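Quick look at my_file_3.cif (mmCIF, C-alpha atoms):
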```
data_structure
#
loop_
_atom_site.label_atom_id
_atom_site.label_comp_id
_atom_site.auth_asym_id
_atom_site.auth_seq_id
_atom_site.Cartn_x
_atom_site.Cartn_y
_atom_site.Cartn_z
CA MET C 14 129.53 33.45 -63.18
CA ALA C 15 131.66 30.45 -64.10
CA HIS C 16 130.49 26.96 -63.19
CA LEU C 17 132.37 23.80 -62.26
CA GLU C 18 130.81 20.58 -63.50
CA GLY C 19 131.33 17.02 -62.38
CA ILE C 20 132.48 17.82 -58.83
CA ARG C 21 131.99 14.79 -56.57
CA PHE C 22 134.03 15.83 -53.53
CA ILE C 23 134.89 19.15 -51.86
CA ALA C 24 137.87 19.79 -49.59
CA PHE C 25 137.83 22.91 -47.42
CA ASP C 26 140.48 24.83 -45.60
CA LEU C 27 139.38 25.86 -42.09
CA ASP C 28 140.88 29.11 -40.73
CA GLY C 29 139.97 32.05 -42.92
CA THR C 30 137.68 29.89 -45.07
CA LEU C 31 134.99 28.45 -42.80
CA ILE C 32 135.89 30.06 -39.49
CA ASP C 33 137.20 33.50 -38.58
CA SER C 34 139.63 32.26 -35.96
CA VAL C 35 142.24 35.01 -35.97
CA PRO C 36 141.05 36.71 -32.73
CA ASP C 37 141.73 33.54 -30.70
CA LEU C 38 144.96 32.77 -32.56
CA ALA C 39 146.19 36.30 -32.02
CA ASP C 40 145.26 36.22 -28.33
CA ALA C 41 147.16 32.96 -27.72
CA THR C 42 150.14 34.13 -29.75
CA ASP C 43 150.30 37.45 -27.89
CA LYS C 44 150.12 35.76 -24.49
CA ALA C 45 152.83 33.28 -25.48
CA VAL C 46 155.36 35.83 -26.67
CA GLN C 47 154.66 38.23 -23.81
CA ALA C 48 155.17 35.39 -21.31
CA LEU C 49 158.67 35.07 -22.72
CA GLY C 50 159.40 38.79 -22.41
CA PHE C 51 158.68 39.80 -26.02
CA PRO C 52 156.58 42.85 -26.93
CA PRO C 53 152.87 42.35 -27.66
CA VAL C 54 151.65 41.36 -31.12
CA THR C 55 148.47 42.63 -32.75
CA VAL C 56 145.59 40.94 -34.54
CA GLU C 57 146.67 42.71 -37.72
CA GLN C 58 150.17 41.23 -37.48
CA VAL C 59 148.96 37.72 -36.74
CA THR C 60 146.54 37.88 -39.68
CA THR C 61 149.54 38.11 -42.00
CA TRP C 62 151.48 35.33 -40.21
CA ILE C 63 148.97 32.47 -40.17
CA GLY C 64 148.37 29.83 -42.84
CA ASN C 65 151.40 27.57 -42.53
CA GLY C 66 150.59 25.90 -39.21
CA ALA C 67 151.31 26.76 -35.59
CA ASP C 68 155.08 26.20 -35.73
CA ILE C 69 155.53 28.77 -38.48
CA LEU C 70 153.10 31.17 -36.79
CA ILE C 71 155.17 31.08 -33.62
CA SER C 72 158.41 31.44 -35.59
CA ARG C 73 157.03 34.53 -37.29
CA ALA C 74 155.76 35.96 -34.01
CA LEU C 75 159.16 35.56 -32.38
CA SER C 76 160.79 37.02 -35.49
CA ARG C 77 158.07 39.70 -35.69
CA SER C 78 158.03 39.23 -39.45
CA GLN C 79 156.79 36.90 -42.19
CA GLU C 80 160.48 36.24 -42.78
CA ILE C 81 161.69 33.93 -40.03
CA ASP C 82 164.91 34.85 -38.23
CA PRO C 83 167.45 32.17 -39.27
CA ASP C 84 169.10 32.51 -35.85
CA LEU C 85 165.90 31.80 -33.90
CA ASP C 86 166.70 29.67 -30.85
CA PRO C 87 165.02 26.22 -31.20
CA ALA C 88 164.60 25.92 -27.43
CA LEU C 89 162.89 29.32 -27.29
CA HIS C 90 160.62 28.27 -30.14
CA ARG C 91 159.64 25.03 -28.38
CA GLU C 92 158.76 26.91 -25.19
CA ALA C 93 156.73 29.49 -27.12
CA ARG C 94 154.85 26.76 -29.01
CA GLN C 95 153.99 24.97 -25.76
CA LEU C 96 152.72 28.24 -24.29
CA PHE C 97 150.71 28.94 -27.43
CA ASN C 98 149.07 25.50 -27.25
CA ARG C 99 148.16 26.06 -23.61
CA PHE C 100 146.73 29.53 -24.10
CA TYR C 101 144.86 28.56 -27.28
CA GLU C 102 143.25 25.58 -25.57
CA GLU C 103 142.47 27.51 -22.38
CA GLY C 104 140.78 30.24 -24.42
CA GLY C 105 138.20 27.75 -25.68
CA HIS C 106 138.09 29.39 -29.12
CA LYS C 107 135.33 31.63 -27.76
CA GLN C 108 136.06 34.53 -30.13
CA SER C 109 136.04 32.43 -33.30
CA LYS C 110 132.94 32.41 -35.48
CA LEU C 111 131.68 30.98 -38.75
CA TYR C 112 131.77 33.28 -41.74
CA PRO C 113 128.36 34.28 -43.14
CA GLY C 114 126.68 31.59 -45.23
CA VAL C 115 129.04 28.79 -44.22
CA LYS C 116 126.67 26.62 -42.19
CA GLU C 117 123.78 26.93 -44.63
CA THR C 118 125.96 26.18 -47.64
CA LEU C 119 127.64 23.17 -46.03
CA ALA C 120 124.23 21.86 -45.00
CA ALA C 121 122.98 22.17 -48.58
CA PHE C 122 125.96 20.23 -49.97
CA HIS C 123 125.56 17.62 -47.24
CA GLN C 124 121.86 17.23 -48.00
CA ALA C 125 122.71 16.81 -51.68
CA GLY C 126 124.98 13.90 -50.75
CA VAL C 127 128.29 15.60 -51.47
CA PRO C 128 131.15 14.16 -49.36
CA MET C 129 133.34 16.89 -47.87
CA ALA C 130 136.63 17.05 -45.99
CA ILE C 131 138.66 19.51 -43.94
CA VAL C 132 142.26 19.99 -45.08
CA THR C 133 143.88 22.48 -42.73
CA ASN C 134 147.40 23.27 -41.55
CA LYS C 135 146.03 23.84 -38.02
CA PRO C 136 147.30 21.26 -35.49
CA SER C 137 144.90 18.31 -35.43
CA GLN C 138 144.30 18.51 -31.68
CA PHE C 139 142.34 21.76 -32.04
CA VAL C 140 140.18 20.91 -35.06
CA PRO C 141 137.44 18.57 -33.71
CA HIS C 142 136.47 20.98 -30.92
CA LEU C 143 136.13 23.87 -33.36
CA LEU C 144 133.95 21.85 -35.73
CA GLU C 145 131.73 20.62 -32.90
CA GLN C 146 131.54 24.06 -31.33
CA HIS C 147 130.15 25.53 -34.55
CA GLY C 148 127.83 22.63 -35.35
CA ILE C 149 129.49 21.54 -38.59
CA ALA C 150 131.41 18.41 -37.53
CA ASP C 151 128.87 16.00 -39.03
CA TYR C 152 129.30 17.42 -42.52
CA PHE C 153 132.81 16.04 -43.04
CA VAL C 154 133.85 12.49 -43.88
CA ASP C 155 137.55 13.26 -43.35
CA VAL C 156 139.34 15.80 -41.15
CA ILE C 157 143.02 16.32 -41.98
CA GLY C 158 145.16 18.56 -39.79
CA GLY C 159 148.59 20.01 -40.34
CA ASP C 160 150.24 17.11 -38.52
CA THR C 161 148.09 14.27 -39.90
CA PHE C 162 150.57 13.52 -42.68
CA PRO C 163 154.30 14.17 -43.09
CA LEU C 164 153.57 17.03 -45.51
CA LYS C 165 151.11 19.91 -45.25
CA LYS C 166 149.77 22.47 -47.74
CA PRO C 167 151.02 23.81 -50.12
CA ASP C 168 152.08 20.20 -50.71
CA PRO C 169 149.21 18.24 -52.37
CA TYR C 170 149.79 15.12 -50.22
CA ALA C 171 146.45 15.34 -48.37
CA LEU C 172 144.49 15.98 -51.56
CA HIS C 173 146.14 13.02 -53.30
CA TRP C 174 145.32 10.88 -50.26
CA LEU C 175 141.65 11.92 -50.46
CA MET C 176 141.52 11.17 -54.19
CA GLU C 177 142.93 7.71 -53.64
CA LYS C 178 140.69 6.94 -50.67
CA HIS C 179 137.50 8.06 -52.42
CA GLN C 180 138.49 6.89 -55.90
CA LEU C 181 138.31 10.35 -57.44
CA ALA C 182 139.76 11.77 -60.60
CA ALA C 183 141.42 15.16 -60.10
CA SER C 184 138.63 16.74 -62.18
CA GLU C 185 136.08 15.49 -59.60
CA MET C 186 137.75 17.20 -56.63
CA LEU C 187 137.40 20.82 -55.55
CA MET C 188 139.67 22.59 -53.06
CA VAL C 189 138.22 25.70 -51.42
CA GLY C 190 140.44 28.07 -49.46
CA ASP C 191 141.51 31.61 -48.69
CA SER C 192 145.29 31.30 -48.85
CA ARG C 193 147.92 30.79 -51.52
CA ASN C 194 148.78 27.54 -49.73
CA ASP C 195 145.30 26.24 -50.60
CA ILE C 196 145.57 27.37 -54.20
CA LEU C 197 149.06 25.93 -54.65
CA ALA C 198 148.02 22.60 -53.12
CA GLY C 199 145.00 22.36 -55.39
CA LYS C 200 146.98 23.25 -58.47
CA ALA C 201 149.67 20.71 -57.60
CA ALA C 202 146.95 18.07 -57.24
CA THR C 203 145.50 19.27 -60.60
CA CYS C 204 142.04 19.62 -59.08
CA TYR C 205 139.73 22.62 -59.30
CA VAL C 206 140.38 25.47 -56.87
CA VAL C 207 138.11 28.23 -55.54
CA GLY C 208 139.76 31.15 -53.75
CA LEU C 209 137.89 33.26 -51.19
CA THR C 210 138.74 36.92 -50.84
CA TYR C 211 137.80 37.51 -47.21
CA GLY C 212 140.28 35.31 -45.34
CA TYR C 213 143.95 35.45 -44.45
CA ASN C 214 146.46 35.51 -47.29
CA TYR C 215 149.57 37.28 -45.99
CA GLY C 216 148.07 40.63 -46.96
CA GLN C 217 147.92 39.69 -50.66
CA PRO C 218 144.82 39.34 -52.89
CA ILE C 219 143.87 35.70 -53.45
CA SER C 220 143.46 36.42 -57.17
CA ALA C 221 147.25 36.74 -57.40
CA SER C 222 147.47 32.96 -56.89
CA ASP C 223 145.22 32.42 -59.93
CA PRO C 224 142.51 30.07 -58.61
CA ASP C 225 139.95 28.79 -61.11
CA ILE C 226 137.24 30.93 -59.50
CA VAL C 227 137.40 33.80 -56.99
CA LEU C 228 134.44 34.37 -54.66
CA ASP C 229 133.70 37.19 -52.22
CA HIS C 230 131.10 35.25 -50.21
CA PHE C 231 130.99 31.61 -49.16
CA SER C 232 127.36 31.11 -50.12
CA LEU C 233 128.21 31.81 -53.77
CA LEU C 234 129.90 28.41 -53.82
CA ALA C 235 126.50 26.78 -54.22
CA ASP C 236 126.03 28.73 -57.45
CA VAL C 237 129.29 27.65 -59.08
CA VAL C 238 129.40 23.93 -58.24
CA LYS C 239 127.40 21.77 -60.62
CA LEU C 240 127.33 18.44 -58.89
CA GLY C 241 128.47 15.24 -60.61
CA SER C 242 126.51 12.02 -60.58
#
```

Any chance you could give the structure as structure tokens?
Amino acid sequence: MAHLEGIRFIAFDLDGTLIDSVPDLADATDKAVQALGFPPVTVEQVTTWIGNGADILISRALSRSQEIDPDLDPALHREARQLFNRFYEEGGHKQSKLYPGVKETLAAFHQAGVPMAIVTNKPSQFVPHLLEQHGIADYFVDVIGGDTFPLKKPDPYALHWLMEKHQLAASEMLMVGDSRNDILAGKAATCYVVGLTYGYNYGQPISASDPDIVLDHFSLLADVVKLGS
């Protein structure tokens, strides 16, 4: 197995990487579109629509496709997004769960003194509760949501911001995610990238995005990261 040396900081995606959140996302999306008179959507559909933030998720749900209807009514979209926010919050994220090995692996990195961050396209308002709910909030020195900065993944803005804040060279940063957005952001920031096979990537294999390393299980991350001084 390949190893990455000199890593001083790890940035993680959230949905599909640390937490299997699609059941709650699908439930809120389904309730939102049905409230507006649209047919139900399935977990399988929503799995291929997430990864670009809630606005795009809702656009895809209303379009019933990864390709967004160019004639989608902005007022309809706003109403659907408000409904989604309400249903997602009311649901309490009770169906979401950590992937196997996540908590133990994060704890090991934390104990080793490795600073870590969340870089997700999920709206910021939902992130702290999820991290607290699953007992991993204390592991992260920065939590960046999809609306924290003007640009979200696949743009490298958040990764560049982390590098500047923590005085990191690109070779000292690792981005870990399950989606091509994570891989593209990491590549654009010229940092190392690990792609996970088990998450949500629009129905495509993560290897197609050519990350530096592909892993099938989160706990294997501890085997490939050789920590810098």

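Restricting the calculation to only C-alpha atoms, the smallest distance between Phe25 (chain C) and any of C:Ala201, C:Ile81, C:Ile131, C:Leu228 is found for C:Ile131.
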
request  = With a distance cut-off of 6 Å and all atoms listed in the file, select the neighbouring residues of region 148-160 of chain C, excluding the residue or stretch itself and same-chain residues fewer than 2 positions from it, and output the selection as a PyMOL selection string.
outcome  = chain C and resi 129-137+144-146+162+165

Assuming the chain letters and numbering stay as they are in my file, what does the PyMOL selection byres ((chain C and resi 234) around 10) actually select? List them as a PDB file with C-alpha atoms, in the coordinates of the input.
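part38.pdb, freshly written:
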```pdb
ATOM      1  CA  HIS C  16     130.490  26.960 -63.190  1.00  0.00           C
ATOM      2  CA  LEU C  17     132.370  23.800 -62.260  1.00  0.00           C
ATOM      3  CA  GLY C 114     126.680  31.590 -45.230  1.00  0.00           C
ATOM      4  CA  VAL C 115     129.040  28.790 -44.220  1.00  0.00           C
ATOM      5  CA  THR C 118     125.960  26.180 -47.640  1.00  0.00           C
ATOM      6  CA  LEU C 119     127.640  23.170 -46.030  1.00  0.00           C
ATOM      7  CA  PHE C 122     125.960  20.230 -49.970  1.00  0.00           C
ATOM      8  CA  VAL C 189     138.220  25.700 -51.420  1.00  0.00           C
ATOM      9  CA  VAL C 207     138.110  28.230 -55.540  1.00  0.00           C
ATOM     10  CA  LEU C 209     137.890  33.260 -51.190  1.00  0.00           C
ATOM     11  CA  ILE C 226     137.240  30.930 -59.500  1.00  0.00           C
ATOM     12  CA  VAL C 227     137.400  33.800 -56.990  1.00  0.00           C
ATOM     13  CA  LEU C 228     134.440  34.370 -54.660  1.00  0.00           C
ATOM     14  CA  ASP C 229     133.700  37.190 -52.220  1.00  0.00           C
ATOM     15  CA  HIS C 230     131.100  35.250 -50.210  1.00  0.00           C
ATOM     16  CA  PHE C 231     130.990  31.610 -49.160  1.00  0.00           C
ATOM     17  CA  SER C 232     127.360  31.110 -50.120  1.00  0.00           C
ATOM     18  CA  LEU C 233     128.210  31.810 -53.770  1.00  0.00           C
ATOM     19  CA  ALA C 235     126.500  26.780 -54.220  1.00  0.00           C
ATOM     20  CA  ASP C 236     126.030  28.730 -57.450  1.00  0.00           C
ATOM     21  CA  VAL C 237     129.290  27.650 -59.080  1.00  0.00           C
ATOM     22  CA  VAL C 238     129.400  23.930 -58.240  1.00  0.00           C
ATOM     23  CA  LYS C 239     127.400  21.770 -60.620  1.00  0.00           C
TER      24      LYS C 239
END
```

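The coordinates place CA of Tyr215 (chain C) at 22.3 Å from CA of Ala171 (chain C).
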
task = List the residues sitting within 12 Å of (143.2, 11.8, -53.7) in the file's frame, using all atoms listed in the file, as a PyMOL selection string.
result = chain C and resi 21-24+130+132+155+169-188+198-199+201-204

query = Hey, what comes out of the PyMOL selection byres ((chain C and resi 90) around 10) on this file? Could you write it as a count of residues only?
reply = 18

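The interatomic distance for the pair CA of Glu80 (chain C) and CA of Ala45 (chain C) works out to 19.1 Å.
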
request  = Run the PyMOL selection byres ((chain C and resi 32-44) around 9) on the file and write out the hits as an NGL selection string.
outcome  = :C and (27-31 or 45-49 or 51-60 or 63 or 70-71 or 74 or 93-94 or 96-112 or 115 or 143 or 147 or 212-213)

Using the file's own x, y and z axes, what box holds all listed atoms of region 134-150 of chain C with 6 Å on each side, keeping edges along x, y and z, and what are its centre and edge lengths in Å to one decimal, as lines of an AutoDock Vina configuration file?
```
center_x = 137.6
center_y = 21.9
center_z = -36.2
size_x = 31.6
size_y = 19.2
size_z = 22.6
```

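Pairwise distance (CA of Phe139 (chain C), CA of Thr161 (chain C)) equals 12.3 Å.
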
message = Considering all atoms listed in the file, can you say which of C:Ser220, C:Gln124, C:Asn214, C:Gln138 comes closest to Thr61 (chain C)?
response = C:Asn214

task = Find, counting all atoms listed in the file, the residue in C:Lys166, C:His123, C:Arg73, C:Ile20 that gets nearest to Leu197 (chain C).
result = C:Lys166

message = Calculated over only C-alpha atoms, which of the candidates C:Ser192, C:Ser78, C:Val206, C:Lys200 has the smallest distance to Pro218 (chain C)?
response = C:Ser192
